[in-house]
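Read the structure below first, then the notes.
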Amino acid sequence: MNEPMQNTFLKAVLRWLAAPPPCAGQGSDFSIESQWGASPAFVLVLLLAASALVGVTYLRDHHLPSWRVRVGLACLRFAAIGTVVFMLYGWSLRVHCTDLPDIVLVVDDSASMLHVDQYSPQTHKNLLRKLQDLGISSPRRIDVVKALLSPPAWQKLQEGRHVRVFRLAASARLQDPQDPQDPQDPQDPQDPQDPQDPQDENLLAPLGDLQIDQENATSQQSALGDGLRDILESQRGRSTAAVVLLTDGITNKGRLISVAAQLARRKAIPLYIVGIGQATPPQDVALADLLVDDVVFVNDLVHFDFQLKQQGFGRRKVEVRLREKGRDEILARETIVLEGEQASEAVRLTHRPPHVGDFEYVVEADVLKGEANAANNLLARRVSVRDETIRLLLIQSQPSWEYQYLKILFGRELKRQGESKAVDLTTVLQEADPEIVSVDQTAQRMAPVKREDLFQYDVIIFGDVNPRLLARTTMENIAAFVTERGGGLIVVAGPNFTPLAFRGTPLEDVLPIKLETASPPSPDEPLVEEFVVAPTELGLSRPQMQIGENRADTQRVWANLPGIRWFVATPDLKPGARVLAEHPQRTDARGHRLPLITSHFAGAGKVVFHAFDESYRWRFRRGDIYFARYWTQTIRALRRTRLSGKEQAAELSVDREQYRQGEAVLVRVKFFDERKTPQQDDAVSIIAAREGGAEKKLTLRRVKNDPSRFEAVLPNLAMGDYRVWLATPTSDGEPISRRFSVTAPLGESERLAMNQTDLELAAQTSKGRFYTAQTAGRMWRALPPGRPVRTSTLPPTPLWNLWPLAALFLLLVISEWLLRKRLGML
């Protein structure tokens with residue numbers, strides 16, 4: 001019979017009675033052994049029979065004065081018999097020397113442990129008190145670990161256990177108890193240290209200083225799951241009570257900690273995890289997704305569109321500013337109110353560049369107190385500002401007011417430097433005196449007949465033109481000027497001819513309206529009611545319509561411009577046509593407001609149609625400012641496509657050429673030919689493929705208020721070189737494509753929120769527990785004691801012949817004899 005002793009108090013009593021030899025430098029365990037081979041059932045029957053005999057004897061003895069005396073005497077006799085039986089068994093105490101069970105302490109010393117979290121005095125009172133006792137006012141995460149591993153905590157950790165200390169970052173390293181400066185790889189004890197990982201000055205406590213050297217904290221890789229798995233494997237063959245892991249859980253390489261916890265569960269090693277840091281993302285304001293035209297004209301209204309994001313601040317006001325790099329002058333600014341713990345707002349800043357050249361513009365946001373990363377509060381883009389001369393052809397039948405004011409405007413338009421014309425104007429007035437060419441340098445007797453002559457122009461303003469005075473070949477050349485050369489055409493309706501007189505001509509094909517249902521006002525109808533031109537939401541997003549300094553100012557200006565009286569009703573548009581401005585009251589049979597300014601792409605070029613010819617009225621009481629700004633921006637917008645060299649029907653782009661693993665890739669497709677722009681919001685798709693890998697198809701979605709642009713996000717891409725190309729709609733020849741690469745993941749210092757979800761899952765999977773830095777004090781008493789491993793057994797120490805047993809037997813017999821003698825029973 002050999003039974004291990006589980007009761008700690010009983011072990012202490014036997015150790016005092018038998019005084020067994022100690023196990024030097026080891027733990028010990030005890031068991032008791034019996035030398036008597038009698039069956040337990042036989043012994044039990046014998047004891048019951050003896051007890052019955054003693055009981056019957058004393059109960060029948062009528063000389064005893066009371067039943068209490070009888071019971072007392074019977075108990076003394078029972079005890080004496082029991083003592084004899086115990087001694088007959090020949091019990092002895094056997095001592096087993098044991099190795100103490102391991103408890104593994106793992107400290108995360110990666111670069112993110114240098115981050116300083118903001119702790120609330122209300123919720124982290126105990127932790128802040130410990131840090132204050134250490135003289136730490138701005139605690140890094142590694143300082144929090146130091147506060148938790150205080151001498152009392154270390155003492156509780158060591159009770160009945162052997163502590164092994166590891167450090168963990170890009171790999172796991174064993175901290176040698178004999179040499180705190182010599183961390184060793186658990187897989188290679190002969191390799192003293194990993195030079196790529198940050199080093200602590202001392203990790204043993206009573207633990208001395210627990211630090212990460214700022215200069216050596218260069219490893220941006222954190223393989224916590226892989227490192228923990230290596231530690232668990234290194235414990236093979238060793239009794240391990242638990243693993244105590246102090247970490248922020250930020251892993252950017254290999255397995256997550258929760259995955260490694262599955263191995264801990266199979267090995268029956270619970271993980272007791274203390275999460276260091278804040279689980280909510282650190283407070284941050286960031287700018288992202290800056291969009292701006294690469295090439296613009298001088299004094300154009302340039303839009304800088306971007307996303308302003310914030311997390312962790314709640315409701316805050318943030319000012320965003322636009323300036324030129326290297327200069328302090330603020331070109332534009334706006335204050336944005338962001339609501340909620342995580343918020344994102346689309347912002348547009350506008351600027352009219354007054355000078356020619358290549359400029360690098362900077363968009364920046366306020367750096368708020370407590371921000372974790374101020375570097376992402378700024379974005380920069382290079383913009384080329386041009387002042388090239390636009391060759392403009394203005395064709396009209398008679399000198400209407402619209403024609404005259406346009407001729408004056410573009411005839412005097414100079415470049416900003418005043419050295420040459422911004423617009424090289426040519427006019428054709430069909431019913432003018434033939435001698436006008438001798439007095440007007442801009443005038444020609446007729447429109448260019450040859451195609452090559454017409455193709456020298458950039459933009460044509462086609463007013464109220466008499467088709468009988470225009471050769472059909474000229475109409476065909478004008479249509480080809482748009483569809484083949486990619487020129488810009490502005491068609492202005494008039495009371496005499498345009499557009500109805502061009503039904504059935506080559507020009508009808510390039511108009512954005514359907515002439516079958518177009519109708520001008522009756523000549524007999526008096527035109528006394530004025531109405532303002534109302535830009536649509538889409539129109540307000542187009543550069544040509546931006547006649548104010550910003551969106552709000554533009555809306556105000558349009559609403560207060562002098563009204564017009566005459567227009568052509570064009571209720572039906574061709575597919576792909578876009579309405580930029582509409583009548584404020586008049587509607588068609590379907591209840592839609594009648595369009596006043598429409599546009600569409602025709603082949604390689606673009607056509608803008610004005611259903612009125614009274615924009616000159618915008619000059620009344622205001623001068624040329626808005627009339628000139630609108631017309632100048634319109635011809636520049638038509639010229640800009642060719643200015644930027646974008647002759648293709650669509651453009652595919654990614655927001656940058658290199659990404660880190662884990663970052664989402666934003667893919668954009670912009671269509672320049674609106675006839676080829678899909679009408680459905682989900683009709684555009686791309687294919688992305690990694691070199692040597694499988695292809696992945698993705699559907700893009702139309703961007704709100706910009707029907708020509710589609711976007712989608714490619715998430716979770718593996719490292720490698722990628723090519724992405726347009727799948728639908730298909731195009732002639734080689735599909736447009738872009739290349740980008742995905743490199744190693746973000747350094748862990750760029751991802752600073754404690755991964756509490758993964759840490760809790762790891763503790764649950766391994767049947768351990770999760771604690772925060774505030775509640776970690778409860779962990780030390782909750783740690784399991786572990787199971788000692790017996791290494792050797794010492795010779796047994798007899799218990800049956802101990803003098804206390806002999807003394808007990810004599811005491812019982814003498815007590816019974818004295819009591820019987822006193823009662824006169826002898």
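Ligands are numbered from 1 in the order shown, chains are lettered A, B, ... in the order of the structure tokens, and residues start at 1 in each chain.
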
### Query
Can you list every residue in stretch 199-437 of chain A that DSSP puts in alpha helix (DSSP H), as a VMD selection string?
chain A and resid 224 to 234 257 to 266 401 to 412 436 to 437

### Message
Give me the residues near A:Thr350 as a PyMOL selection string, where near means some atom within 9 Å (using only C-alpha atoms) and where sequence neighbours in that chain fewer than 6 positions away do not count.
### Response
chain A and resi 301-305+322+331-333+549-551

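Between atom CA of A:Met719 and atom CA of A:Ala650 the interatomic distance comes to 28.2 Å.
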
### Task
Please identify all polymer residues within 7 Å of stretch 94-104 of chain A, counting only C-alpha atoms, omitting same-chain residues fewer than 6 positions from it, and present them as a PyMOL selection string.
chain A and resi 23+26-32+160-165+239-244+786-797

### Query
If we count only C-alpha atoms, what is near stretch 560-574 of chain A at a cut-off of 8 Å, once residues fewer than 3 positions away on the same chain are taken out, given as number ranges by chain?
A: 493, 512-515, 517-521, 527-533, 556-557, 577, 588, 594-596, 611-615, 617-620

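Between A:Ser34 and the residues A:Phe313, A:Tyr403, A:Tyr626, A:Trp800, the shortest atom-to-atom distance, using only C-alpha atoms, involves A:Trp800.
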
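Counting only C-alpha atoms, the residue from A:Ala688, A:Lys130, A:Ile136, A:Phe601 that sits nearest to A:Ser150 is A:Lys130.
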
### Task
Name the closest residue to A:Ser766 among the candidates A:Trp154, A:Glu435, A:Ile273, A:Trp67; distances are taken between atoms, counting only C-alpha atoms.
A:Ile273

List as a tab-separated table every residue of stretch 291-364 of chain A that is in contact with stretch 382-397 of chain A, defined as an atom at most 10 Å from one of its atoms (using only C-alpha atoms), together with the nearest atom pair and the distance in Å rounded to one decimal, sorted by chain and then rising number.
residue	atom	partner	partner_atom	distance
A:Val292	CA	A:Val383	CA	7.9
A:Asp293	CA	A:Val383	CA	7.0
A:Asp294	CA	A:Val383	CA	4.9
A:Val295	CA	A:Ser384	CA	4.8
A:Val296	CA	A:Val385	CA	5.1
A:Phe297	CA	A:Arg386	CA	4.8
A:Val298	CA	A:Asp387	CA	5.6
A:Asn299	CA	A:Val385	CA	8.8
A:Asp300	CA	A:Val385	CA	8.9
A:Val302	CA	A:Val383	CA	9.7
A:Glu324	CA	A:Arg382	CA	9.8
A:Lys325	CA	A:Arg382	CA	9.7
A:Pro353	CA	A:Val385	CA	7.3
A:Pro354	CA	A:Val385	CA	8.9
A:His355	CA	A:Val385	CA	7.2
A:Val356	CA	A:Val385	CA	5.0
A:Gly357	CA	A:Val385	CA	5.2
A:Asp358	CA	A:Ser384	CA	4.4
A:Phe359	CA	A:Val383	CA	5.4
A:Glu360	CA	A:Arg382	CA	4.2
A:Tyr361	CA	A:Arg382	CA	6.2
A:Val362	CA	A:Arg382	CA	8.9

Restrict the selected residues to C-alpha atoms and save them as a PDB file, in the first residue's frame.
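Result file follows (result_20.pdb):
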ATOM      1  CA  VAL A 292      -6.571  66.645 -57.000  1.00  0.00           C
ATOM      2  CA  ASP A 293      -6.015  67.190 -60.727  1.00  0.00           C
ATOM      3  CA  ASP A 294      -2.408  66.739 -61.752  1.00  0.00           C
ATOM      4  CA  VAL A 295      -2.572  69.517 -64.369  1.00  0.00           C
ATOM      5  CA  VAL A 296      -4.652  72.709 -64.129  1.00  0.00           C
ATOM      6  CA  PHE A 297      -4.827  76.139 -65.701  1.00  0.00           C
ATOM      7  CA  VAL A 298      -3.642  79.201 -63.885  1.00  0.00           C
ATOM      8  CA  ASN A 299      -6.481  80.843 -61.903  1.00  0.00           C
ATOM      9  CA  ASP A 300      -8.606  77.702 -62.230  1.00  0.00           C
ATOM     10  CA  VAL A 302      -8.695  73.598 -58.033  1.00  0.00           C
ATOM     11  CA  GLU A 324       2.183  75.516 -50.450  1.00  0.00           C
ATOM     12  CA  LYS A 325       5.075  73.431 -49.170  1.00  0.00           C
ATOM     13  CA  PRO A 353      -3.383  79.197 -58.276  1.00  0.00           C
ATOM     14  CA  PRO A 354      -2.292  82.633 -59.491  1.00  0.00           C
ATOM     15  CA  HIS A 355       1.093  81.604 -60.896  1.00  0.00           C
ATOM     16  CA  VAL A 356       2.431  79.165 -63.456  1.00  0.00           C
ATOM     17  CA  GLY A 357       4.734  76.350 -62.425  1.00  0.00           C
ATOM     18  CA  ASP A 358       4.953  73.038 -60.614  1.00  0.00           C
ATOM     19  CA  PHE A 359       3.862  73.367 -57.005  1.00  0.00           C
ATOM     20  CA  GLU A 360       3.705  70.952 -54.112  1.00  0.00           C
ATOM     21  CA  TYR A 361       0.608  71.620 -52.064  1.00  0.00           C
ATOM     22  CA  VAL A 362       0.201  70.459 -48.487  1.00  0.00           C
TER      23      VAL A 362
END

### Task
Please give the complete set of residues from stretch 456-531 of chain A that DSSP, run on the backbone, assigns to strand (DSSP E), formatted as a PyMOL selection string.
chain A and resi 459-462+488-492

Contacts of A:Pro506 within 6 Å, only C-alpha atoms, excl. fewer than 3 positions in-chain, as a CSV table (one decimal) with C-alpha atoms, in the first residue's frame:
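Result file follows (around_28.csv):
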chain,number,residue,atom,x,y,z
A,475,MET,CA,-20.6,70.2,-90.4
A,476,GLU,CA,-19.0,66.7,-90.9
A,509,ASP,CA,-25.3,63.1,-83.7

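Omitting stretch 628-638 of chain A and its sequence neighbours fewer than 6 positions away, and counting only C-alpha atoms, the residues within 9 Å are Val296, Phe297, Asp300, Leu301, Ile390, Leu392, Leu406, Leu409, Phe410, Asp458, Val459, Ile460, Ile461, Gly487, Gly488, Leu489, Ile490, Arg542, Pro543, Gln544, Met545, Gln546, Ile547, Gly605, Lys606, Val607, Val608 and Arg619 of chain A.
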